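As stored in run_23.pdb (PDB, C-alpha atoms and all ligand atoms):
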ATOM      1  CA  MET A 144     -17.269 -15.453 -20.909
ATOM      2  CA  SER A 145     -14.614 -17.896 -19.713
ATOM      3  CA  ILE A 146     -12.188 -15.319 -18.232
ATOM      4  CA  LEU A 147     -15.029 -13.741 -16.280
ATOM      5  CA  LYS A 148     -16.061 -17.144 -14.988
ATOM      6  CA  ASN A 149     -12.480 -17.910 -13.962
ATOM      7  CA  ALA A 150     -12.306 -14.560 -12.188
ATOM      8  CA  LEU A 151     -15.482 -15.186 -10.218
ATOM      9  CA  ASP A 152     -14.450 -18.778  -9.423
ATOM     10  CA  SER A 153     -11.083 -17.634  -8.151
ATOM     11  CA  ILE A 154     -12.653 -15.003  -5.894
ATOM     12  CA  THR A 155     -15.259 -17.377  -4.493
ATOM     13  CA  VAL A 156     -12.679 -20.127  -3.858
ATOM     14  CA  GLY A 157     -10.572 -17.482  -2.084
ATOM     15  CA  LEU A 158     -13.534 -16.598   0.111
ATOM     16  CA  GLU A 159     -14.058 -20.279   0.931
ATOM     17  CA  ASP A 160     -10.384 -20.491   1.925
ATOM     18  CA  PHE A 161     -10.882 -17.461   4.127
ATOM     19  CA  GLU A 162     -13.932 -18.953   5.827
ATOM     20  CA  SER A 163     -12.198 -22.268   6.444
ATOM     21  CA  PRO A 164     -11.006 -22.955   9.992
ATOM     22  CA  ASP A 165      -7.838 -24.446   8.486
ATOM     23  CA  GLU A 166      -5.216 -21.723   8.864
ATOM     24  CA  ARG A 167      -3.055 -23.249   6.151
ATOM     25  CA  ARG A 168      -5.623 -22.017   3.653
ATOM     26  CA  ILE A 169      -5.062 -18.356   4.528
ATOM     27  CA  ILE A 170      -2.218 -17.946   2.046
ATOM     28  CA  SER A 171      -4.225 -19.585  -0.689
ATOM     29  CA  SER A 172      -7.113 -17.257   0.176
ATOM     30  CA  THR A 173      -4.986 -14.174  -0.512
ATOM     31  CA  ARG A 174      -3.573 -15.706  -3.709
ATOM     32  CA  ASN A 175      -6.951 -16.675  -5.090
ATOM     33  CA  ILE A 176      -8.623 -13.363  -4.365
ATOM     34  CA  PHE A 177      -5.776 -11.361  -5.880
ATOM     35  CA  ALA A 178      -5.686 -13.627  -8.943
ATOM     36  CA  GLY A 179      -9.451 -13.240  -9.277
ATOM     37  CA  ILE A 180      -9.201  -9.454  -9.312
ATOM     38  CA  LEU A 181      -6.513  -9.543 -12.021
ATOM     39  CA  LEU A 182      -8.733 -11.867 -14.065
ATOM     40  CA  LEU A 183     -11.603  -9.392 -13.765
ATOM     41  CA  PHE A 184      -9.270  -6.757 -15.204
ATOM     42  CA  LYS A 185      -8.187  -9.107 -17.992
ATOM     43  CA  HIS A 186     -11.794  -9.851 -18.801
ATOM     44  CA  LYS A 187     -12.316  -6.140 -19.403
ATOM     45  CA  LEU A 188      -9.237  -5.947 -21.654
ATOM     46  CA  CYS A 189     -10.473  -8.993 -23.532
ATOM     47  CA  GLU A 190     -13.854  -7.384 -24.103
ATOM     48  CA  LEU A 191     -12.187  -4.276 -25.484
ATOM     49  CA  SER A 192      -9.817  -6.133 -27.796
ATOM     50  CA  PRO A 193     -10.816  -5.679 -31.449
ATOM     51  CA  GLN A 194     -12.356  -8.681 -33.203
ATOM     52  CA  GLY A 195      -9.779 -10.855 -34.933
ATOM     53  CA  SER A 196      -6.923  -9.328 -32.891
ATOM     54  CA  ASP A 197      -6.414 -12.549 -30.936
ATOM     55  CA  GLU A 198      -7.220 -10.713 -27.706
ATOM     56  CA  ALA A 199      -4.472  -8.203 -28.335
ATOM     57  CA  LEU A 200      -5.124  -6.195 -25.173
ATOM     58  CA  ILE A 201      -4.344  -9.043 -22.792
ATOM     59  CA  LYS A 202      -1.177 -10.130 -24.589
ATOM     60  CA  GLN A 203       2.183  -8.759 -23.565
ATOM     61  CA  ARG A 204       3.361  -8.921 -27.171
ATOM     62  CA  VAL A 205       1.277  -7.138 -29.768
ATOM     63  CA  LEU A 206       2.534  -6.868 -33.366
ATOM     64  CA  PRO A 207       1.211  -5.122 -36.472
ATOM     65  CA  GLU A 208       0.009  -7.230 -39.389
ATOM     66  CA  LEU A 209      -1.232  -6.279 -42.847
ATOM     67  CA  ASP A 210      -4.596  -7.659 -43.876
ATOM     68  CA  ALA A 211      -5.812  -8.387 -47.446
ATOM     69  CA  THR A 212      -6.810  -4.728 -47.990
ATOM     70  CA  GLY A 213      -3.381  -3.466 -46.925
ATOM     71  CA  ALA A 214      -4.616  -2.088 -43.603
ATOM     72  CA  VAL A 215      -2.545  -2.500 -40.441
ATOM     73  CA  ASN A 216      -4.036  -4.543 -37.610
ATOM     74  CA  TRP A 217      -2.494  -5.037 -34.177
ATOM     75  CA  ILE A 218      -2.510  -8.722 -33.278
ATOM     76  CA  GLY A 219      -1.748 -10.375 -29.925
ATOM     77  CA  LYS A 220       1.131 -12.848 -30.068
ATOM     78  CA  GLY A 221       2.315 -15.679 -27.863
ATOM     79  CA  LYS A 222       0.985 -17.029 -24.613
ATOM     80  CA  LYS A 223       2.287 -14.417 -22.193
ATOM     81  CA  THR A 224      -0.499 -12.257 -20.839
ATOM     82  CA  VAL A 225      -0.323  -8.833 -19.238
ATOM     83  CA  ASP A 226       1.119  -8.394 -15.731
ATOM     84  CA  VAL A 227       0.023  -5.844 -13.132
ATOM     85  CA  GLN A 228       2.164  -3.062 -14.593
ATOM     86  CA  ASN A 229       0.919  -3.768 -18.151
ATOM     87  CA  ILE A 230      -2.669  -3.647 -16.908
ATOM     88  CA  LYS A 231      -2.016  -0.308 -15.171
ATOM     89  CA  ASP A 232      -0.521   1.167 -18.347
ATOM     90  CA  ARG A 233      -3.315  -0.080 -20.588
ATOM     91  CA  PHE A 234      -6.108   0.945 -18.228
ATOM     92  CA  GLU A 235      -4.618   4.401 -17.897
ATOM     93  CA  SER A 236      -4.423   4.792 -21.633
ATOM     94  CA  LEU A 237      -8.016   3.486 -22.001
ATOM     95  CA  ASN A 238      -9.335   5.766 -19.226
ATOM     96  CA  ILE A 239     -10.352   2.889 -16.984
ATOM     97  CA  SER A 240      -9.929   3.866 -13.367
ATOM     98  CA  VAL A 241      -8.945   1.575 -10.522
ATOM     99  CA  ASP A 242      -7.871   2.509  -7.000
ATOM    100  CA  TRP A 243      -4.262   1.394  -7.577
ATOM    101  CA  ALA A 244      -3.080   2.320  -4.092
ATOM    102  CA  ARG A 245      -5.622  -0.135  -2.718
ATOM    103  CA  LEU A 246      -4.658  -2.808  -5.227
ATOM    104  CA  ASP A 247      -0.974  -2.341  -4.418
ATOM    105  CA  ARG A 248      -1.805  -2.763  -0.740
ATOM    106  CA  ILE A 249      -3.572  -6.067  -1.493
ATOM    107  CA  ASN A 250      -0.625  -7.217  -3.586
ATOM    108  CA  LYS A 251       1.920  -6.221  -0.936
ATOM    109  CA  TYR A 252       0.024  -8.009   1.816
ATOM    110  CA  ARG A 253      -0.357 -11.115  -0.360
ATOM    111  CA  ASN A 254       3.384 -11.092  -0.993
ATOM    112  CA  ASP A 255       4.357 -10.358   2.611
ATOM    113  CA  ILE A 256       2.116 -13.047   4.073
ATOM    114  CA  GLU A 257       3.885 -15.629   1.919
ATOM    115  CA  HIS A 258       7.384 -14.465   2.784
ATOM    116  CA  TYR A 259       7.565 -12.502   6.018
ATOM    117  CA  TYR A 260       4.747 -12.886   8.473
ATOM    118  CA  SER A 261       5.235 -15.465  11.159
ATOM    119  CA  THR A 262       1.681 -15.340  12.429
ATOM    120  CA  LEU A 263      -1.229 -16.248  10.186
ATOM    121  CA  ASN A 264      -4.759 -15.702  11.278
ATOM    122  CA  SER A 265      -7.943 -14.881   9.467
ATOM    123  CA  GLU A 266      -8.237 -11.704  11.545
ATOM    124  CA  SER A 267      -5.191 -10.185   9.857
ATOM    125  CA  VAL A 268      -6.525 -10.954   6.368
ATOM    126  CA  LYS A 269      -9.606  -8.819   6.937
ATOM    127  CA  GLN A 270      -8.074  -5.681   5.514
ATOM    128  CA  LEU A 271      -7.226  -7.516   2.291
ATOM    129  CA  ILE A 272     -10.814  -8.773   2.058
ATOM    130  CA  SER A 273     -12.122  -5.294   2.797
ATOM    131  CA  ASP A 274      -9.869  -3.707   0.146
ATOM    132  CA  SER A 275     -10.798  -6.452  -2.309
ATOM    133  CA  PHE A 276     -14.483  -5.881  -1.664
ATOM    134  CA  ILE A 277     -14.177  -2.231  -2.662
ATOM    135  CA  ILE A 278     -12.134  -2.941  -5.797
ATOM    136  CA  ILE A 279     -14.374  -5.815  -6.930
ATOM    137  CA  ARG A 280     -17.598  -3.929  -6.274
ATOM    138  CA  ASP A 281     -16.460  -0.732  -7.998
ATOM    139  CA  PHE A 282     -14.950  -2.498 -10.989
ATOM    140  CA  ILE A 283     -17.947  -4.742 -11.649
ATOM    141  CA  VAL A 284     -20.395  -1.858 -11.310
ATOM    142  CA  ASP A 285     -18.445   0.928 -13.026
ATOM    143  CA  GLU A 286     -16.457  -0.908 -15.681
ATOM    144  CA  LEU A 287     -18.360  -4.119 -16.378
ATOM    145  CA  GLY A 288     -21.831  -2.672 -15.862
ATOM    146  CA  GLY A 289     -22.751  -5.755 -13.846
ATOM    147  CA  ASP A 290     -24.371  -6.528 -10.511
ATOM    148  CA  PRO A 291     -21.724  -7.928  -8.157
ATOM    149  CA  LYS A 292     -24.267  -9.613  -5.930
ATOM    150  CA  SER A 293     -25.773 -11.689  -8.717
ATOM    151  CA  LEU A 294     -22.408 -12.358 -10.399
ATOM    152  CA  LEU A 295     -20.743 -13.660  -7.215
ATOM    153  CA  GLY A 296     -23.854 -15.172  -5.704
ATOM    154  CA  GLU A 297     -25.603 -13.886  -2.630
ATOM    155  CA  GLY A 298     -23.667 -16.007  -0.118
ATOM    156  CA  TYR A 299     -20.215 -14.930  -1.283
ATOM    157  CA  TRP A 300     -21.311 -11.345  -1.699
ATOM    158  CA  LYS A 301     -22.504 -11.337   1.891
ATOM    159  CA  ILE A 302     -19.095 -12.530   3.143
ATOM    160  CA  LEU A 303     -17.429  -9.597   1.386
ATOM    161  CA  VAL A 304     -19.948  -7.052   2.624
ATOM    162  CA  ASP A 305     -19.867  -8.337   6.203
ATOM    163  CA  VAL A 306     -16.079  -8.579   6.477
ATOM    164  CA  ASN A 307     -15.738  -5.083   5.062
ATOM    165  CA  GLU A 308     -18.297  -3.706   7.498
ATOM    166  CA  VAL A 309     -16.611  -5.338  10.488
ATOM    167  CA  TYR A 310     -13.137  -4.293   9.358
ATOM    168  CA  VAL A 311     -14.102  -0.662   8.789
ATOM    169  CA  LYS A 312     -15.735  -0.527  12.211
ATOM    170  CA  GLU A 313     -12.758  -2.146  13.962
ATOM    171  CA  LYS A 314     -10.334   0.118  12.138
ATOM    172  CA  GLN A 315     -12.316   3.171  13.287
ATOM    173  CA  GLU A 316     -12.259   1.957  16.884
ATOM    174  CA  CYS A 317      -8.496   1.425  16.724
ATOM    175  CA  ASP A 318      -7.910   4.809  15.096
ATOM    176  CA  LEU A 319      -9.916   6.509  17.839
ATOM    177  CA  THR A 320      -7.670   5.073  20.552
ATOM    178  CA  LEU A 321      -4.594   6.360  18.682
ATOM    179  CA  GLU A 322      -6.158   9.805  18.330
ATOM    180  CA  LYS A 323      -6.417  10.169  22.109
ATOM    181  CA  LEU A 324      -2.630  10.409  22.486
ATOM    182  CA  ASN A 325      -0.448  13.516  22.125
ATOM    183  CA  TYR A 326       2.099  13.391  19.306
ATOM    184  CA  TYR A 327       5.152  15.521  18.510
ATOM    185  CA  THR A 328       3.389  16.098  15.174
ATOM    186  CA  ASP A 329       0.142  14.774  13.660
ATOM    187  CA  GLU A 330       2.161  13.126  10.891
ATOM    188  CA  ILE A 331       3.207  10.489  13.433
ATOM    189  CA  LEU A 332      -0.438   9.752  14.206
ATOM    190  CA  HIS A 333      -1.195   9.351  10.494
ATOM    191  CA  ALA A 334       1.815   7.072  10.063
ATOM    192  CA  LEU A 335       0.737   4.861  12.994
ATOM    193  CA  GLN A 336      -2.792   4.678  11.569
ATOM    194  CA  GLU A 337      -1.288   3.175   8.397
ATOM    195  CA  TYR A 338       1.154   0.940  10.253
ATOM    196  CA  HIS A 339       0.935  -2.808   9.692
ATOM    197  CA  CYS A 340       1.880  -5.298  12.378
ATOM    198  CA  GLY A 341       5.319  -6.764  11.720
ATOM    199  CA  GLU A 342       4.160 -10.184  12.916
ATOM    200  CA  CYS A 343       0.877 -10.657  11.091
ATOM    201  CA  GLY A 344       0.392  -7.716   8.740
ATOM    202  CA  SER A 345      -2.844  -6.487  10.300
ATOM    203  CA  GLY A 346      -3.580  -2.752  10.139
ATOM    204  CA  LEU A 347      -5.484  -2.861  13.441
ATOM    205  CA  LEU A 348      -3.115  -1.065  15.816
ATOM    206  CA  GLU A 349      -4.606   0.209  19.056
ATOM    207  CA  THR A 350      -3.595   1.467  22.475
ATOM    208  CA  GLU A 351      -5.120   1.575  25.930
ATOM    209  CA  ASP A 352      -2.818   4.380  27.059
ATOM    210  CA  LEU A 353      -3.528   8.086  27.303
ATOM    211  CA  GLY A 354      -1.220  11.090  27.361
ATOM    212  CA  GLU A 355       2.119  11.190  25.550
ATOM    213  CA  ALA A 356       2.377   8.882  22.538
ATOM    214  CA  ALA A 357       6.128   8.606  23.094
ATOM    215  CA  GLU A 358       5.433   6.881  26.442
ATOM    216  CA  ALA A 359       2.671   4.624  25.135
ATOM    217  CA  THR A 360       2.481   0.927  24.354
ATOM    218  CA  PHE A 361       0.586  -0.222  21.268
ATOM    219  CA  LYS A 362      -1.052  -3.515  20.520
ATOM    220  CA  CYS A 363      -2.037  -5.383  17.365
ATOM    221  CA  ARG A 364      -5.691  -6.281  17.698
ATOM    222  CA  ALA A 365      -5.343  -9.241  15.347
ATOM    223  CA  CYS A 366      -2.440 -11.160  16.911
ATOM    224  CA  GLY A 367      -1.984  -9.408  20.245
ATOM    225  CA  THR A 368       1.653  -8.394  19.705
ATOM    226  CA  GLU A 369       2.588  -5.414  21.872
ATOM    227  CA  ALA A 370       5.175  -2.779  21.048
ATOM    228  CA  HIS A 371       6.414   0.371  22.698
ATOM    229  CA  TYR A 372       6.346   3.641  20.718
ATOM    230  CA  ASP A 373      10.126   3.486  20.229
ATOM    231  CA  ASP A 374       9.904  -0.001  18.721
ATOM    232  CA  ILE A 375       7.612   0.940  15.863
ATOM    233  CA  VAL A 376       7.618   4.688  15.273
ATOM    234  CA  ASN A 377      10.676   4.903  13.005
ATOM    235  CA  TYR A 378       9.520   2.026  10.830
ATOM    236  CA  ALA A 379       5.971   3.392  10.660
ATOM    237  CA  VAL A 380       7.100   6.881   9.658
ATOM    238  CA  ASN A 381       9.613   5.618   7.095
ATOM    239  CA  GLU A 382       6.925   3.437   5.510
ATOM    240  CA  PHE A 383       4.478   6.339   5.560
ATOM    241  CA  TYR A 384       6.917   8.446   3.524
ATOM    242  CA  ALA A 385       8.290   5.594   1.404
ATOM    243  CA  ASP A 386       6.552   6.600  -1.831
ATOM    244  CA  GLU A 387       7.540  10.237  -1.444
ATOM    245  CA  ALA A 388      11.118   9.271  -0.637
ATOM    246  CA  TYR A 389      11.207   6.988  -3.662
ATOM    247  CA  SER A 390      10.021   9.667  -6.086
ATOM    248  CA  ALA A 391      12.360  12.248  -4.543
ATOM    249  CA  HIS A 392      15.199   9.824  -5.126
ATOM    250  CA  LYS A 393      14.063   8.971  -8.660
ATOM    251  CA  ASP A 394      12.919  12.349  -9.976
ATOM    252  CA  GLY A 395      15.031  14.639  -7.815
ATOM    253  CA  GLY A 396      13.727  16.813  -5.033
ATOM    254  CA  ASP A 397      14.183  16.879  -1.305
ATOM    255  CA  THR A 398      13.827  13.660   0.608
ATOM    256  CA  PRO A 399      10.987  13.843   3.173
ATOM    257  CA  VAL A 400      12.869  11.992   5.929
ATOM    258  CA  VAL A 401      16.488  11.634   7.054
ATOM    259  CA  ASP A 402      18.226  10.007  10.019
ATOM    260  CA  CYS A 403      17.974  12.455  12.868
ATOM    261  CA  PRO A 404      21.094  14.683  12.916
ATOM    262  CA  LEU A 405      20.653  15.211  16.649
ATOM    263  CA  CYS A 406      20.135  11.781  18.221
ATOM    264  CA  GLY A 407      21.366   9.742  15.238
ATOM    265  CA  PHE A 408      18.697   7.170  15.973
ATOM    266  CA  GLY A 409      15.267   8.520  15.139
ATOM    267  CA  THR A 410      13.625   9.421  11.848
ATOM    268  CA  TYR A 411      13.633  13.151  11.213
ATOM    269  CA  ILE A 412      10.643  14.531   9.261
ATOM    270  CA  VAL A 413      12.183  17.337   7.246
ATOM    271  CA  HIS A 414       9.165  19.526   6.470
ATOM    272  CA  GLU A 415       7.906  19.200  10.043
ATOM    273  CA  GLY A 416      11.406  19.932  11.326
ATOM    274  CA  ILE A 417      11.150  17.331  14.034
ATOM    275  CA  CYS A 418      12.584  13.971  15.057
ATOM    276  CA  VAL A 419       9.913  11.369  15.855
ATOM    277  CA  SER A 420      12.180   9.819  18.452
ATOM    278  CA  CYS A 421      14.005  12.564  20.403
ATOM    279  CA  CYS A 422      11.575  15.368  19.422
ATOM    280  CA  GLY A 423      14.614  17.498  18.536
ATOM    281  CA  SER A 424      14.618  20.212  15.919
ATOM    282  CA  ALA A 425      17.613  21.029  13.725
ATOM    283  CA  THR A 426      18.436  24.467  12.321
ATOM    284  CA  HIS A 427      17.105  24.625   8.755
ATOM    285  CA  GLU A 428      18.533  28.014   7.753
ATOM    286  CA  CYS A 429      22.277  28.529   7.654
ATOM    287  CA  VAL A 430      23.275  31.354  10.024
ATOM    288  CA  ARG A 431      26.384  32.114   7.946
ATOM    289  CA  CYS A 432      25.026  32.372   4.377
ATOM    290  CA  GLY A 433      21.280  32.378   5.014
ATOM    291  CA  CYS A 434      20.548  29.515   2.594
ATOM    292  CA  ASN A 435      18.064  26.732   3.258
ATOM    293  CA  ILE A 436      20.088  23.799   4.471
ATOM    294  CA  PRO A 437      19.396  20.711   2.300
ATOM    295  CA  PRO A 438      18.016  17.703   4.273
ATOM    296  CA  GLU A 439      21.208  15.671   3.839
ATOM    297  CA  GLU A 440      23.262  18.523   5.336
ATOM    298  CA  LEU A 441      21.144  19.048   8.459
ATOM    299  CA  SER A 442      23.357  18.711  11.513
ATOM    300  CA  ASP A 443      23.506  19.510  15.193
ATOM    301  CA  GLY A 444      25.111  22.839  14.225
ATOM    302  CA  ASP A 445      23.510  25.835  12.545
ATOM    303  CA  ILE A 446      25.409  26.157   9.274
ATOM    304  CA  CYS A 447      25.093  24.459   5.890
ATOM    305  CA  GLY A 448      27.525  21.872   4.526
ATOM    306  CA  TYR A 449      29.289  24.395   2.328
ATOM    307  CA  CYS A 450      29.798  26.856   5.157
ATOM    308  CA  ALA A 451      30.955  24.067   7.450
ATOM    309  CA  HIS A 452      33.521  23.147   4.808
ATOM    310  CA  MET A 453      34.682  26.785   4.454
ATOM    311  CA  TRP A 454      34.863  27.076   8.226
ATOM    312  CA  GLU A 455      37.149  24.029   8.451
ATOM    313  CA  LYS A 456      39.343  25.462   5.682
ATOM    314  CA  MET A 457      39.654  28.861   7.398
ATOM    315  CA  LYS A 458      40.584  27.201  10.661
ATOM    316  CA  ALA A 459      43.252  25.139   8.901
ATOM    317  CA  GLU A 460      44.882  28.153   7.253
TER
HETATM  318 ZN    ZN B 501      -0.371  -8.625  14.479
HETATM  319 ZN    ZN B 502      16.402  12.545  17.119
HETATM  320 ZN    ZN B 503      25.763  28.395   4.619
END

Take the structure I supplied and represent it as structure tokens, if you would.
Amino acid sequence: MSILKNALDSITVGLEDFESPDERRIISSTRNIFAGILLLFKHKLCELSPQGSDEALIKQRVLPELDATGAVNWIGKGKKTVDVQNIKDRFESLNISVDWARLDRINKYRNDIEHYYSTLNSESVKQLISDSFIIIRDFIVDELGGDPKSLLGEGYWKILVDVNEVYVKEKQECDLTLEKLNYYTDEILHALQEYHCGECGSGLLETEDLGEAAEATFKCRACGTEAHYDDIVNYAVNEFYADEAYSAHKDGGDTPVVDCPLCGFGTYIVHEGICVSCCGSATHECVRCGCNIPPEELSDGDICGYCAHMWEKMKAE
């Protein structure tokens, strides 16, 4: 019972930090809520650990031991408990599902607010609270078979529900303003809808402009920071494709984005064949050999890297 109690305490203290008018408590709010969620997960692993295994499932080190009958038992060793990656691995292998993308977003925001953001306000923490609400609710109901409202207490539960409701509504309003603009490709719209303010981390980006997105100015609803399209679009699109770019780099495969071969400044979305900055399109099929030009070899010409090399050689001879 004690891990569960610690989990609930940590979440409720985090919500008190969030409600406090003292802005210095914002960081501790994100820390406490994230810690509380991890403790909920550990509680589940503890429950599933076999009796007499010394809570094997929450220990990083688990070693086999022989009992009196000669059977092998896996026993938890040491004080070190599982980290986020260990929990992911064990949950996956135990068929326990969690919305990891959402959890990673909470974790990233918690980390960024401690290290990068210059502006702290409770407005920008709302997405973290909203994400946390969904993870906490789903995990308590689906995996712990509990009632989140009675476990957390009605008052704290209401904070979560209300913040989530307000955040979802505000996010929809912001998204609608972004949807009114014209984009070179819809991928840019989707990237801007996932963009987080560089000053405060809020996901509430909106615009009052109409017409061409490339001419528009955008504003963070949480801290009021304004930015022109050119100031944020490359960062937003690179972030949007970051996971895909990472797995392409790690597992092989074509990278989704490259530096624009035409303007040298913008981000070029390869499968859309367009630069988000200059709107230019490179030639993707080599006119000399007919091959598909790999992303890294896209240029302002119309031949692949190999043919360009051969061309140079022929000229030299
Ligand atoms: Zn902001
Ligand atoms: Zn370009
Ligand atoms: Zn070629």

Where does segment 356-415 of chain A meet segment 249-262 of chain A within 12 Å, residue by residue, with the nearest atom pair and distance in Å to one decimal for each, counting only C-alpha atoms, listed by chain and rising number, as CSV?
residue,atom,partner,partner_atom,distance
A:Cys363,CA,A:Thr262,CA,11.7
A:Ala365,CA,A:Thr262,CA,9.7
A:Cys366,CA,A:Thr262,CA,7.4
A:Gly367,CA,A:Thr262,CA,10.5
A:Thr368,CA,A:Thr262,CA,10.1

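Environment of ligand ZN 501 (chain B), defined as every protein or nucleic acid residue with an atom within 9 Å of it and counting all atoms listed in the file, comprises A:Tyr260, A:Thr262, A:Leu263, A:Asn264, A:Glu266, A:Ser267, A:His339, A:Cys340, A:Gly341, A:Glu342, A:Cys343, A:Gly344, A:Ser345, A:Gly346, A:Leu347, A:Leu348, A:Lys362, A:Cys363, A:Arg364, A:Ala365, A:Cys366, A:Gly367, A:Thr368, A:Glu369.
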
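Proximity of A:Gly433, A:Pro438, A:Gly296, A:Gly444 to ligand ZN 503 (chain B), computed with all atoms listed in the file, is greatest for A:Gly433.
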
Excluding Leu191 of chain A and any residue of its chain fewer than 3 positions from it, enumerate the residues within 8 Å of it, using only C-alpha atoms, and give them as a PyMOL selection string. chain A and resi 187-188+200

Identify, counting all atoms listed in the file, the protein, DNA and RNA residues located within 9 Å of ligand ZN 503 (chain B), and give them as a PyMOL selection string. chain A and resi 428-436+445-451

What residues have any atom no more than 9 Å from ligand ZN 502 (chain B) when counting all atoms listed in the file, and can you list them as a PyMOL selection string? chain A and resi 402-411+417-424

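Between atom CA of Tyr310 of chain A and atom CA of Ile169 of chain A the separation is 16.9 Å.
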
Given the file shown, determine the residues that the PyMOL selection byres (((chain A and resi 178) around 12) and not hetatm) selects; report them as a VMD selection string. chain A and resid 146 to 147 149 to 157 171 to 177 179 to 185 226 to 227 246 249 to 250 253 275 279

Have a look at atom CA of Ile375 of chain A and atom CA of Lys314 of chain A and let me know their distance in Å, one decimal. 18.3 Å

Between atom CA of Lys202 of chain A and atom CA of Thr224 of chain A, what is the distance, to one decimal in Å? 4.4 Å

Do you know which residues the PyMOL selection byres (((chain A and resi 335) around 12) and not hetatm) returns on this file, as a ChimeraX atom specification? /A:317-322,324,326,328-334,336-340,346-350,356,361-363,370,372-384,419

Do you know which residues are at most 9 Å from Trp217 of chain A counting all atoms listed in the file, after dropping those on the same chain fewer than 5 positions away, and could you put them as a tab-separated table (two decimals) with C-alpha atoms, keeping the file's coordinate frame?
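Dumped to around.tsv:
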chain	number	residue	atom	x	y	z
A	193	PRO	CA	-10.82	-5.68	-31.45
A	196	SER	CA	-6.92	-9.33	-32.89
A	199	ALA	CA	-4.47	-8.20	-28.34
A	205	VAL	CA	1.28	-7.14	-29.77
A	206	LEU	CA	2.53	-6.87	-33.37
A	207	PRO	CA	1.21	-5.12	-36.47
A	208	GLU	CA	0.01	-7.23	-39.39
A	209	LEU	CA	-1.23	-6.28	-42.85

Distance criterion (all atoms listed in the file): nearest to Ile230 of chain A out of A:Lys323, A:His186, A:Lys312, A:Lys148: A:His186

Taking all atoms of segment 306-323 of chain A that appear in the file, build a box with edges along x, y and z, extend it by 5 Å on every side, and state its centre and edge lengths in Å to one decimal, as AutoDock Vina command-line options.
--center_x -11.4 --center_y 0.8 --center_z 13.6 --size_x 23.7 --size_y 28.7 --size_z 27.0

Residues near Val309 of chain A, cut-off 12 Å, all atoms listed in the file, skip fewer than 3 positions along chain, as a list in words: Glu266, Lys269, Gln270, Ile272, Ser273, Ile302, Leu303, Val304, Asp305, Val306, Lys312, Glu313, Lys314, Gln315, Glu316 and Leu347 of chain A

Include C-alpha atoms and write out the residues we just selected as a short mmCIF file (atom, residue, chain, number, x, y, z; two decimals), in the frame of the given file.
data_model
loop_
_atom_site.label_atom_id
_atom_site.label_comp_id
_atom_site.auth_asym_id
_atom_site.auth_seq_id
_atom_site.Cartn_x
_atom_site.Cartn_y
_atom_site.Cartn_z
CA GLU A 266 -8.24 -11.70 11.54
CA LYS A 269 -9.61 -8.82 6.94
CA GLN A 270 -8.07 -5.68 5.51
CA ILE A 272 -10.81 -8.77 2.06
CA SER A 273 -12.12 -5.29 2.80
CA ILE A 302 -19.10 -12.53 3.14
CA LEU A 303 -17.43 -9.60 1.39
CA VAL A 304 -19.95 -7.05 2.62
CA ASP A 305 -19.87 -8.34 6.20
CA VAL A 306 -16.08 -8.58 6.48
CA LYS A 312 -15.74 -0.53 12.21
CA GLU A 313 -12.76 -2.15 13.96
CA LYS A 314 -10.33 0.12 12.14
CA GLN A 315 -12.32 3.17 13.29
CA GLU A 316 -12.26 1.96 16.88
CA LEU A 347 -5.48 -2.86 13.44
#

Would you kindly place N, CA, C and O atoms on segment 327-333 of chain A and return the model as a CSV table (one decimal), in the frame of the given file?
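And here's selection_5.csv as it stands now:
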chain,number,residue,atom,x,y,z
A,327,TYR,N,4.3,14.4,18.8
A,327,TYR,CA,5.2,15.5,18.5
A,327,TYR,C,4.6,16.3,17.3
A,327,TYR,O,4.8,17.5,17.2
A,328,THR,N,4.1,15.5,16.3
A,328,THR,CA,3.4,16.1,15.2
A,328,THR,C,2.3,15.1,14.7
A,328,THR,O,2.5,13.9,14.9
A,329,ASP,N,1.2,15.6,14.1
A,329,ASP,CA,0.1,14.8,13.7
A,329,ASP,C,0.6,13.8,12.6
A,329,ASP,O,-0.1,12.7,12.4
A,330,GLU,N,1.7,14.1,11.9
A,330,GLU,CA,2.2,13.1,10.9
A,330,GLU,C,2.5,11.8,11.5
A,330,GLU,O,2.3,10.7,10.9
A,331,ILE,N,2.9,11.8,12.8
A,331,ILE,CA,3.2,10.5,13.4
A,331,ILE,C,1.9,9.7,13.6
A,331,ILE,O,1.9,8.5,13.4
A,332,LEU,N,0.9,10.4,14.0
A,332,LEU,CA,-0.4,9.8,14.2
A,332,LEU,C,-0.9,9.1,12.9
A,332,LEU,O,-1.3,7.9,12.8
A,333,HIS,N,-0.8,9.9,11.8
A,333,HIS,CA,-1.2,9.4,10.5
A,333,HIS,C,-0.4,8.1,10.1
A,333,HIS,O,-0.9,7.2,9.5
